[in-house]
$ cat target.txt   # compact mmCIF, C-alpha atoms
# COMPACT_ATOMS: atom_id res chain seq x y z
CA MET K 250 8.64 -17.87 -11.76
CA THR K 251 9.81 -20.98 -13.58
CA ASN K 252 9.80 -21.66 -17.28
CA ASN K 253 7.45 -24.55 -16.47
CA VAL K 254 4.57 -22.10 -15.93
CA LEU K 255 5.06 -20.52 -19.34
CA ASP K 256 5.53 -23.92 -20.96
CA ASN K 257 2.06 -25.02 -19.87
CA ILE K 258 0.11 -21.77 -20.17
CA ASP K 259 -2.50 -21.15 -22.88
CA LEU K 260 -0.60 -18.87 -25.28
CA ARG K 261 -3.75 -17.36 -26.78
CA GLN K 262 -5.12 -16.35 -23.37
CA LEU K 263 -1.75 -14.96 -22.30
CA GLY K 264 -1.58 -12.98 -25.55
CA GLU K 265 -5.06 -11.52 -24.92
CA ARG K 266 -4.09 -10.47 -21.39
CA LEU K 267 -0.89 -8.86 -22.64
CA GLN K 268 -2.79 -6.99 -25.34
CA GLN K 269 -5.42 -5.74 -22.87
CA ALA K 270 -2.72 -4.59 -20.44
CA ARG K 271 -0.81 -2.81 -23.22
CA ASN K 272 -3.92 -1.03 -24.46
CA LYS K 273 -4.82 0.11 -20.94
CA CYS K 274 -1.50 1.84 -20.43
CA GLY K 275 -1.61 3.42 -23.90
CA MET K 276 1.38 1.67 -25.43
CA THR K 277 1.65 0.56 -29.05
CA GLN K 278 2.94 -2.82 -30.16
CA ALA K 279 6.09 -1.08 -31.33
CA ASP K 280 6.56 0.42 -27.83
CA ALA K 281 6.10 -3.00 -26.23
CA ALA K 282 8.51 -4.60 -28.69
CA LYS K 283 11.22 -2.13 -27.65
CA VAL K 284 10.76 -3.17 -24.00
CA ILE K 285 11.81 -6.73 -24.87
CA ASN K 286 14.29 -5.71 -27.61
CA ALA K 287 12.28 -7.35 -30.37
CA ALA K 288 10.63 -6.39 -33.64
CA ARG K 289 6.99 -5.23 -33.70
CA THR K 290 6.09 -8.35 -35.67
CA THR K 291 7.34 -10.42 -32.74
CA MET K 292 5.00 -8.56 -30.41
CA VAL K 293 2.14 -9.16 -32.85
CA ALA K 294 2.90 -12.90 -32.81
CA ILE K 295 3.08 -12.96 -28.99
CA GLU K 296 -0.32 -11.26 -28.62
CA LYS K 297 -1.85 -13.67 -31.14
CA GLY K 298 -0.51 -16.63 -29.15
CA GLU K 299 1.73 -17.69 -32.03
CA ARG K 300 5.06 -17.12 -30.28
CA ARG K 301 5.97 -18.38 -26.81
CA LEU K 302 7.09 -15.69 -24.38
CA LYS K 303 10.31 -16.02 -22.39
CA ALA K 304 10.19 -15.54 -18.60
CA THR K 305 12.55 -12.55 -18.78
CA GLU K 306 10.37 -10.95 -21.47
CA LEU K 307 7.20 -11.37 -19.41
CA ILE K 308 8.87 -9.78 -16.39
CA LYS K 309 9.91 -6.77 -18.50
CA LEU K 310 6.44 -6.36 -20.01
CA ALA K 311 4.72 -6.72 -16.64
CA ARG K 312 6.96 -3.98 -15.25
CA ALA K 313 6.24 -1.73 -18.25
CA TYR K 314 2.47 -2.32 -17.94
CA ARG K 315 2.60 -1.81 -14.15
CA ILE K 316 0.91 -5.18 -13.55
CA SER K 317 1.99 -8.15 -11.44
CA VAL K 318 3.46 -11.10 -13.34
CA SER K 319 1.04 -13.36 -11.45
CA ASP K 320 -1.87 -11.53 -13.06
CA PHE K 321 -0.71 -12.85 -16.42
CA VAL K 322 0.17 -16.44 -15.55
CA ARG K 323 -2.44 -17.59 -13.02
CA GLU K 324 -5.50 -19.43 -14.25
CA ARG K 325 -8.46 -17.06 -14.52
CA PRO K 326 -11.32 -16.34 -16.88
CA VAL K 327 -10.74 -13.93 -19.73
CA VAL K 328 -13.30 -11.11 -19.86
CA GLU K 329 -13.57 -8.61 -22.67
CA PRO K 330 -12.46 -5.08 -21.64
CA PHE K 331 -15.37 -2.88 -20.55
CA GLN K 332 -16.38 -0.44 -23.27
CA VAL K 333 -18.50 2.22 -21.56
CA GLN K 334 -19.95 5.11 -23.53
CA PHE K 335 -19.18 8.73 -22.76
CA ARG K 336 -21.67 11.23 -24.10
CA LYS K 337 -20.27 14.32 -25.81
CA ALA K 338 -20.59 16.41 -22.67
CA TYR K 339 -18.19 14.03 -20.86
CA ARG K 340 -15.49 14.22 -23.50
CA GLN K 341 -15.04 17.97 -23.06
CA ASN K 342 -13.17 17.55 -19.78
CA GLU K 343 -10.18 15.25 -20.21
CA VAL K 344 -9.17 15.52 -16.54
CA GLU K 345 -12.54 14.21 -15.34
CA LYS K 346 -12.55 11.56 -18.05
CA SER K 347 -9.14 10.36 -16.85
CA GLN K 348 -10.40 10.19 -13.26
CA ILE K 349 -13.44 8.10 -14.12
CA GLU K 350 -11.41 5.83 -16.42
CA SER K 351 -9.22 4.83 -13.45
CA VAL K 352 -12.42 3.92 -11.56
CA ILE K 353 -13.58 1.85 -14.54
CA GLU K 354 -10.28 -0.07 -14.52
CA GLU K 355 -10.64 -0.80 -10.79
CA TRP K 356 -14.26 -1.91 -11.30
CA GLU K 357 -13.32 -4.12 -14.26
CA LYS K 358 -10.68 -5.87 -12.16
CA PHE K 359 -13.20 -6.47 -9.37
CA CYS K 360 -15.68 -7.98 -11.83
CA GLN K 361 -13.04 -10.25 -13.32
CA ASN K 362 -11.99 -11.32 -9.82
CA TYR K 363 -15.64 -12.08 -9.04
CA LEU K 364 -15.83 -14.51 -11.94
CA GLU K 365 -12.49 -16.04 -10.96
CA ILE K 366 -13.51 -16.70 -7.34
CA GLU K 367 -16.79 -18.24 -8.55
CA GLU K 368 -14.87 -20.65 -10.76
CA ILE K 369 -12.46 -21.50 -7.93
CA MET K 370 -15.37 -22.27 -5.60
CA LYS K 371 -17.59 -23.73 -8.36
CA ALA K 372 -20.37 -21.44 -7.11
CA PRO K 373 -21.71 -19.21 -9.91
CA LEU K 374 -23.87 -16.25 -8.95
CA PRO K 375 -27.56 -17.24 -9.35
CA GLN K 376 -29.24 -15.00 -11.93
CA ASN K 377 -32.93 -14.15 -11.83
CA TYR K 378 -32.96 -12.05 -15.00
CA PRO K 379 -36.18 -10.89 -16.66
CA ARG K 380 -36.51 -10.52 -20.40
CA GLU K 381 -35.10 -7.28 -21.78
CA TYR K 382 -37.98 -4.80 -21.91
CA GLU K 383 -38.92 -3.34 -25.29
CA VAL K 384 -39.05 0.45 -24.94
CA SER K 385 -38.31 1.80 -28.41
CA GLY K 386 -40.71 4.59 -29.34
CA MET K 387 -42.70 4.24 -26.11
CA PRO K 388 -43.77 7.24 -23.94
CA ILE K 389 -41.14 7.84 -21.23
CA GLU K 390 -43.23 8.28 -18.08
CA ARG K 391 -45.80 5.56 -18.76
CA THR K 392 -43.13 3.10 -19.77
CA ALA K 393 -41.01 3.83 -16.70
CA GLU K 394 -43.95 3.24 -14.37
CA ALA K 395 -45.11 0.11 -16.20
CA ILE K 396 -41.64 -1.47 -15.92
CA ALA K 397 -41.38 -0.45 -12.24
CA VAL K 398 -44.74 -2.05 -11.42
CA GLU K 399 -43.93 -5.25 -13.30
CA GLU K 400 -40.49 -5.60 -11.70
CA ARG K 401 -41.89 -5.04 -8.21
CA GLN K 402 -44.41 -7.80 -8.83
CA ARG K 403 -41.77 -10.12 -10.29
CA LEU K 404 -39.50 -9.62 -7.27
CA GLY K 405 -42.32 -9.81 -4.71
CA LEU K 406 -41.73 -6.29 -3.39
CA GLY K 407 -45.37 -5.19 -3.04
CA ASP K 408 -45.99 -1.45 -3.11
CA GLY K 409 -44.06 -0.36 -0.02
CA PRO K 410 -40.46 0.87 0.48
CA ILE K 411 -37.49 -1.29 -0.51
CA PRO K 412 -35.30 -1.09 2.60
CA LEU K 413 -32.41 -3.24 1.31
CA LEU K 414 -32.26 -2.25 -2.33
CA ARG K 415 -28.65 -3.23 -2.95
CA ASP K 416 -29.17 -6.66 -1.37
CA THR K 417 -32.30 -7.16 -3.47
CA LEU K 418 -30.50 -6.41 -6.73
CA GLU K 419 -27.42 -8.44 -5.80
CA GLN K 420 -29.01 -11.49 -4.20
CA THR K 421 -32.48 -11.67 -5.74
CA VAL K 422 -31.68 -10.48 -9.28
CA GLY K 423 -28.02 -11.52 -9.44
CA LEU K 424 -26.32 -8.26 -10.45
CA ARG K 425 -22.69 -7.57 -9.59
CA ILE K 426 -22.65 -4.28 -7.68
CA PHE K 427 -19.58 -2.48 -6.33
CA TYR K 428 -19.43 0.76 -4.33
CA LEU K 429 -16.38 2.73 -5.49
CA LYS K 430 -15.22 6.26 -4.78
CA MET K 431 -15.67 8.50 -7.83
CA PRO K 432 -15.56 12.23 -8.56
CA SER K 433 -18.78 13.71 -7.14
CA LYS K 434 -20.30 14.50 -10.54
CA TYR K 435 -20.57 10.80 -11.47
CA SER K 436 -23.37 8.68 -10.04
CA GLU K 437 -23.02 5.18 -11.49
CA ILE K 438 -21.54 3.06 -14.26
CA TYR K 439 -23.31 0.14 -15.88
CA THR K 440 -22.20 -2.56 -18.30
CA TYR K 441 -23.17 -6.05 -19.43
CA ASP K 442 -20.85 -8.90 -20.34
CA GLU K 443 -21.88 -12.33 -21.62
CA LYS K 444 -19.79 -14.05 -18.93
CA LEU K 445 -20.39 -11.61 -16.09
CA GLY K 446 -23.97 -10.56 -16.72
CA GLY K 447 -25.12 -7.15 -15.44
CA CYS K 448 -22.53 -5.12 -13.53
CA MET K 449 -22.81 -1.78 -11.74
CA ALA K 450 -20.45 0.57 -9.93
CA ILE K 451 -22.10 3.10 -7.59
CA ASN K 452 -20.43 6.27 -6.29
CA ALA K 453 -19.59 5.43 -2.67
CA SER K 454 -18.98 9.12 -1.92
CA HIS K 455 -22.66 10.03 -2.39
CA PRO K 456 -25.20 9.97 0.47
CA GLU K 457 -27.35 6.84 0.76
CA GLU K 458 -30.43 8.48 -0.78
CA ARG K 459 -28.41 9.30 -3.88
CA ARG K 460 -26.87 5.82 -4.02
CA ARG K 461 -30.31 4.19 -3.89
CA TRP K 462 -31.48 6.42 -6.74
CA SER K 463 -28.36 5.50 -8.72
CA LEU K 464 -28.98 1.79 -8.10
CA ALA K 465 -32.51 2.09 -9.50
CA HIS K 466 -31.23 4.20 -12.39
CA GLY K 467 -28.63 1.58 -13.29
CA TYR K 468 -31.20 -1.19 -12.89
CA LEU K 469 -33.33 0.39 -15.64
CA HIS K 470 -30.31 0.31 -17.96
CA PHE K 471 -30.06 -3.43 -17.23
CA LEU K 472 -33.80 -3.94 -17.80
CA ALA K 473 -34.22 -1.92 -20.98
CA HIS K 474 -30.77 -1.20 -22.49
CA ARG K 475 -28.97 -4.32 -21.32
CA ARG K 476 -26.04 -4.34 -23.72
CA LYS K 477 -25.41 -0.61 -23.77
CA ALA K 478 -22.70 0.31 -21.26
CA VAL K 479 -22.92 3.84 -19.85
CA VAL K 480 -21.42 6.29 -17.39
CA ASP K 481 -24.04 8.47 -15.71
CA LEU K 482 -23.71 11.95 -14.29
CA ALA K 483 -25.44 13.18 -11.18
CA ASP K 484 -27.71 16.18 -11.85
CA ALA K 485 -27.34 16.04 -15.65
CA GLN K 486 -29.57 18.37 -17.67
CA TYR K 487 -32.76 16.39 -18.36
CA GLN K 488 -33.56 18.05 -21.69
CA ARG K 489 -30.11 17.24 -23.08
CA MET K 490 -30.41 13.53 -22.27
CA PRO K 491 -31.17 10.94 -24.95
CA ALA K 492 -34.45 9.03 -24.55
CA SER K 493 -32.66 6.09 -22.91
CA GLU K 494 -31.33 8.36 -20.17
CA ARG K 495 -34.66 10.10 -19.62
CA LEU K 496 -36.26 6.70 -19.13
CA ALA K 497 -33.53 5.68 -16.68
CA GLU K 498 -34.01 8.93 -14.75
CA ALA K 499 -37.81 8.52 -14.63
CA PHE K 500 -37.73 4.89 -13.46
CA PRO K 501 -36.39 5.34 -9.87
CA LYS K 502 -39.31 7.50 -8.69
CA TYR K 503 -41.81 4.80 -9.69
CA PHE K 504 -39.63 1.92 -8.50
CA LEU K 505 -38.71 3.47 -5.13
CA MET K 506 -42.00 5.34 -4.55
CA PRO K 507 -44.78 3.33 -6.25
CA THR K 508 -47.93 5.34 -6.92
CA SER K 509 -50.41 3.06 -5.11
CA GLY K 510 -48.37 2.73 -1.93
CA LEU K 511 -47.35 6.38 -1.81
CA LEU K 512 -50.92 7.59 -2.33
CA LYS K 513 -52.21 5.37 0.47
CA ARG K 514 -49.43 6.45 2.84
CA PHE K 515 -50.02 10.14 2.04
CA ASN K 516 -53.77 9.85 2.70
CA ASP K 517 -53.18 7.95 5.95
CA ILE K 518 -50.87 10.72 7.18
CA CYS K 519 -53.39 13.44 6.32
CA ARG K 520 -56.19 11.58 8.13
CA GLU K 521 -54.00 11.20 11.22
CA ASN K 522 -53.37 14.97 11.35
CA LYS K 523 -56.02 16.99 13.16
CA ASN K 524 -56.23 19.63 10.44
CA GLN K 525 -56.09 17.06 7.62
CA LYS K 526 -52.96 18.78 6.28
CA PHE K 527 -49.63 17.39 5.12
CA THR K 528 -46.88 19.22 7.02
CA PRO K 529 -43.16 19.78 6.35
CA THR K 530 -42.45 17.31 9.19
CA ASN K 531 -44.56 14.72 7.36
CA LEU K 532 -42.55 15.42 4.22
CA PHE K 533 -39.27 14.64 5.96
CA THR K 534 -40.50 11.52 7.73
CA LEU K 535 -42.08 10.16 4.54
CA ALA K 536 -38.85 10.72 2.56
CA HIS K 537 -36.98 8.84 5.27
CA TYR K 538 -39.58 6.05 5.15
CA TYR K 539 -38.98 5.52 1.42
CA GLY K 540 -35.22 6.06 1.62
CA VAL K 541 -35.19 8.93 -0.89
CA SER K 542 -34.18 12.57 -0.73
CA VAL K 543 -36.68 15.19 0.42
CA GLU K 544 -36.30 16.84 -2.98
CA ALA K 545 -37.14 13.63 -4.87
CA LEU K 546 -40.20 12.96 -2.72
CA THR K 547 -41.45 16.55 -3.04
CA TYR K 548 -41.24 16.48 -6.83
CA ARG K 549 -42.99 13.09 -6.84
CA LEU K 550 -45.87 14.43 -4.73
CA GLU K 551 -46.10 17.50 -6.96
CA GLU K 552 -46.40 15.28 -10.06
CA MET K 553 -49.15 13.30 -8.33
CA GLU K 554 -50.89 16.63 -7.56
CA LEU K 555 -50.75 15.90 -3.85
CA LEU K 556 -48.65 19.01 -3.24
CA PRO K 557 -48.87 22.36 -5.07
CA SER K 558 -46.53 22.81 -8.01
CA GLY K 559 -43.38 24.68 -6.99
CA THR K 560 -43.38 23.42 -3.39
CA TRP K 561 -39.73 22.33 -3.49
CA GLU K 562 -38.56 25.63 -4.98
CA ARG K 563 -40.39 27.57 -2.26
CA LEU K 564 -38.84 25.44 0.47
CA ARG K 565 -35.41 25.82 -1.08
CA ASP K 566 -35.77 29.59 -1.50
CA ARG K 567 -36.64 29.89 2.20
CA GLY K 568 -33.23 28.45 3.02
CA LEU K 569 -34.31 24.95 4.00
CA LYS K 570 -31.41 23.05 5.60
CA VAL K 571 -32.32 19.42 4.98
CA ARG K 572 -29.67 17.77 7.18
CA LYS K 573 -30.33 20.15 10.04
CA VAL K 574 -34.08 19.46 9.97
CA GLN K 575 -33.46 15.72 9.81
CA GLU K 576 -31.27 15.95 12.91
CA GLU K 577 -33.87 18.04 14.76
CA LEU K 578 -36.54 15.45 13.93
CA GLY K 579 -34.30 12.63 15.13
CA LEU K 580 -34.29 10.91 11.74
CA GLU K 581 -31.32 8.59 11.83
CA ALA K 582 -29.24 7.84 8.76
CA ILE K 583 -30.90 5.42 6.35
CA PRO K 584 -29.63 1.87 6.99
CA GLN K 585 -26.97 1.11 4.45
CA ARG K 586 -24.32 -1.40 3.45
CA THR K 587 -21.36 0.45 2.05
CA ASP K 588 -19.05 -2.52 1.43
CA THR K 589 -16.99 -2.05 -1.69
CA THR K 590 -17.71 -5.61 -2.80
CA PRO K 591 -20.92 -7.71 -2.77
CA ILE K 592 -21.65 -10.03 0.18
CA HIS K 593 -21.58 -13.12 -2.08
CA TYR K 594 -18.16 -12.10 -3.39
CA GLN K 595 -16.77 -11.62 0.14
CA HIS K 596 -17.99 -14.98 1.41
CA LEU K 597 -16.69 -16.88 -1.59
CA ALA K 598 -13.30 -15.26 -1.00
CA ILE K 599 -13.15 -16.18 2.71
CA GLU K 600 -14.30 -19.75 1.98
CA ALA K 601 -11.59 -20.09 -0.67
CA LEU K 602 -8.99 -18.78 1.78
CA ASP K 603 -10.09 -21.08 4.60
CA GLN K 604 -10.11 -24.09 2.27
CA GLY K 605 -6.58 -23.29 1.13
CA LEU K 606 -7.65 -22.64 -2.45
CA ILE K 607 -6.17 -19.12 -2.47
CA THR K 608 -3.36 -17.47 -0.51
CA GLU K 609 -3.76 -14.65 1.98
CA GLY K 610 -2.12 -12.36 -0.57
CA ARG K 611 -4.65 -13.33 -3.22
CA PHE K 612 -7.48 -12.81 -0.70
CA ALA K 613 -6.15 -9.29 -0.10
CA ASP K 614 -6.05 -8.73 -3.87
CA PHE K 615 -9.68 -9.83 -4.21
CA LEU K 616 -10.71 -7.21 -1.64
CA ASN K 617 -8.21 -4.63 -2.92
CA VAL K 618 -6.71 -4.04 0.53
CA ASP K 619 -3.34 -4.65 2.21
CA ARG K 620 -2.72 -7.88 4.12
CA LEU K 621 -3.31 -6.34 7.55
CA GLU K 622 -6.73 -5.07 6.52
CA ALA K 623 -7.42 -8.38 4.79
CA ARG K 624 -6.86 -10.24 8.08
CA ARG K 625 -9.25 -7.89 9.88
CA ILE K 626 -11.93 -8.39 7.22
CA ALA K 627 -11.37 -12.15 7.24
CA ASN K 628 -12.02 -12.29 11.00
CA ILE K 629 -15.22 -10.27 10.60
CA LEU K 630 -16.46 -12.55 7.82
CA ARG K 631 -15.67 -15.65 9.86
CA GLU K 632 -17.55 -14.27 12.86
CA TYR K 633 -20.50 -13.37 10.63
CA SER K 634 -20.60 -16.85 9.09
CA SER K 635 -20.27 -18.44 12.53
CA GLY K 636 -23.19 -16.36 13.81
CA ILE K 637 -25.37 -17.49 10.93
CA MET K 638 -24.50 -21.12 11.56
CA ASP K 639 -25.21 -20.78 15.29
CA LYS K 640 -28.65 -19.34 14.59
CA ALA K 641 -29.37 -22.02 12.02
CA THR K 642 -28.33 -24.71 14.48
CA ASP K 643 -30.63 -23.28 17.16
CA ILE K 644 -33.57 -23.33 14.76
CA ASN K 645 -32.94 -26.92 13.74
CA LEU K 646 -32.64 -28.08 17.35
CA ARG K 647 -35.95 -26.49 18.34
CA GLU K 648 -37.63 -28.09 15.34
CA ALA K 649 -36.18 -31.46 16.30
CA GLN K 650 -37.55 -31.15 19.84
CA GLU K 651 -41.01 -30.38 18.50
$ encode --input "target.txt" --output "structure tokens"
Amino acid sequence: MTNNVLDNIDLRQLGERLQQARNKCGMTQADAAKVINAARTTMVAIEKGERRLKATELIKLARAYRISVSDFVRERPVVEPFQVQFRKAYRQNEVEKSQIESVIEEWEKFCQNYLEIEEIMKAPLPQNYPREYEVSGMPIERTAEAIAVEERQRLGLGDGPIPLLRDTLEQTVGLRIFYLKMPSKYSEIYTYDEKLGGCMAINASHPEERRRWSLAHGYLHFLAHRRKAVVDLADAQYQRMPASERLAEAFPKYFLMPTSGLLKRFNDICRENKNQKFTPTNLFTLAHYYGVSVEALTYRLEEMELLPSGTWERLRDRGLKVRKVQEELGLEAIPQRTDTTPIHYQHLAIEALDQGLITEGRFADFLNVDRLEARRIANILREYSSGIMDKATDINLREAQE
């Protein structure tokens, strides 16, 4: 690194990055000052952008903060640190809080990288955001269904299943969604930033049915509590949730299993059966059709009074083995895209690499993999893009002939 880089860098932005890095690793300004053998007031001036940093000092601070020097000096957008809210129940277990905080840091870096690659490629993510829904003081269930119906209409989803939910929220709405491994008790994290817009992290370790529910859950936060960042638990106690969480938990059943479509499908199935009954096999196939868990569908049908109350408990008490039954019925895994990063993000990164706008090392950083894996992913993305272009070319040629 040459002094030239530091001579031309924006001191205020560098100071903000240094402050964010220091706060993340839990160091005080006095601690940081000791690293560079300076007074605390010097560190204050550096973080305010009032004192130019020497190259040797930056190297020492980067080492102390466990961050690459390049992360401080390269041109990139500055995003405010994510401030997600932990409810009281989360704070009781410091070990689990520490685990999820490391996930939040990884997610924050991905989101910042997303904005950076957009600026490099001059290709901002298109946003099809609705107004923020007013829900204060409104009844939970009716409000959840009303929002679900309106959003389905706005997005042109009709009243059937949503097979590619993640793609819909990423590409049609314009949310930034990452699939990250988290402790099993966490389902998703949501936040909103003025530069980034709506951002979600979904627990990649959960089965697809759970991930789809978490996506819808996080989407309600975006729709109704846009500027309130939250970490959500899987299987949290409903009665202990604040109203905002109860609304977010009610929304997925209406969004993923709309009343009109589900009622019609249920009646069609019963008419097709000789005895006009809805069987356990029908229950499993219908859950697979909507891409939800058997438990979620059963409770939904109970609420609609299409199944007797307590049906799920009776099935569970009889020792129902959901995965085993699904295998016996030949129900294949629900189609899913488990990429850590969004498709738009990946293709911007490979275009930037192929145009020489970023290095292979930076491409690997964007995907959070080593260089060998980055090369493998790059080849896959190039083949995918080539396939799309080939198909597009075929279509255009046929049209020209006509």
$ closest_residue --input "target.txt" --among "K:Thr290, K:Gln268, K:Ser493, K:Gln348" --to "Tyr314 (chain K)" --atoms "only C-alpha atoms"
K:Gln268
$ closest_residue --input "target.txt" --among "K:Ile316, K:Ile592, K:Leu418, K:Leu602" --to "Leu404 (chain K)" --atoms "all atoms listed in the file"
K:Leu418
$ closest_residue --input "target.txt" --among "K:Asn286, K:Leu578, K:Ala395, K:Thr590" --to "Glu419 (chain K)" --atoms "only C-alpha atoms"
K:Thr590
$ residues_around --input "target.txt" --residues "Ile451 (chain K)" --least-positions-apart "2" --cutoff "9 Å" --atoms "all atoms listed in the file" --output "PDB file with C-alpha atoms, keeping the file's coordinate frame"
ATOM      1  CA  ILE K 426     -22.650  -4.280  -7.680  1.00  0.00           C
ATOM      2  CA  PHE K 427     -19.580  -2.480  -6.330  1.00  0.00           C
ATOM      3  CA  TYR K 428     -19.430   0.760  -4.330  1.00  0.00           C
ATOM      4  CA  LEU K 429     -16.380   2.730  -5.490  1.00  0.00           C
ATOM      5  CA  LYS K 430     -15.220   6.260  -4.780  1.00  0.00           C
ATOM      6  CA  MET K 431     -15.670   8.500  -7.830  1.00  0.00           C
ATOM      7  CA  TYR K 435     -20.570  10.800 -11.470  1.00  0.00           C
ATOM      8  CA  SER K 436     -23.370   8.680 -10.040  1.00  0.00           C
ATOM      9  CA  GLU K 437     -23.020   5.180 -11.490  1.00  0.00           C
ATOM     10  CA  ILE K 438     -21.540   3.060 -14.260  1.00  0.00           C
ATOM     11  CA  TYR K 439     -23.310   0.140 -15.880  1.00  0.00           C
ATOM     12  CA  MET K 449     -22.810  -1.780 -11.740  1.00  0.00           C
ATOM     13  CA  ALA K 453     -19.590   5.430  -2.670  1.00  0.00           C
ATOM     14  CA  SER K 454     -18.980   9.120  -1.920  1.00  0.00           C
ATOM     15  CA  HIS K 455     -22.660  10.030  -2.390  1.00  0.00           C
ATOM     16  CA  ARG K 460     -26.870   5.820  -4.020  1.00  0.00           C
ATOM     17  CA  SER K 463     -28.360   5.500  -8.720  1.00  0.00           C
ATOM     18  CA  LEU K 464     -28.980   1.790  -8.100  1.00  0.00           C
ATOM     19  CA  GLY K 467     -28.630   1.580 -13.290  1.00  0.00           C
TER      20      GLY K 467
END
$ closest_residue --input "target.txt" --among "K:Met276, K:Ala270, K:Ile396, K:Met506" --to "Arg380 (chain K)" --atoms "all atoms listed in the file"
K:Ile396
$ residues_near_point --input "target.txt" --point "(-25.7, -2.1, -21.1)" --cutoff "10 Å" --atoms "all atoms listed in the file" --output "MDAnalysis selection string"
chainID K and resid 332:334 438:442 446:449 467:479
$ closest_residue --input "target.txt" --among "K:Ala623, K:Ala294, K:Glu494, K:Val284" --to "Ile308 (chain K)" --atoms "all atoms listed in the file"
K:Val284
$ closest_residue --input "target.txt" --among "K:Ala450, K:Ala582, K:Leu546, K:Ile258" --to "Trp356 (chain K)" --atoms "all atoms listed in the file"
K:Ala450
$ atom_distance --input "target.txt" --atom1 "CA of Tyr363 (chain K)" --atom2 "CA of Ile629 (chain K)"
19.7 Å
$ residues_around --input "target.txt" --residues "Leu267 (chain K)" --least-positions-apart "6" --cutoff "9 Å" --atoms "only C-alpha atoms" --output "list in words"
Ile295, Glu296, Leu310, Ala311, Tyr314 and Phe321 of chain K
$ residues_around --input "target.txt" --residues "Leu307 (chain K)" --least-positions-apart "4" --cutoff "10 Å" --atoms "all atoms listed in the file" --output "list in words"
Leu255, Leu267, Ile285, Leu302, Lys303, Ala311, Arg312, Ala313, Val318, Phe321 and Val322 of chain K
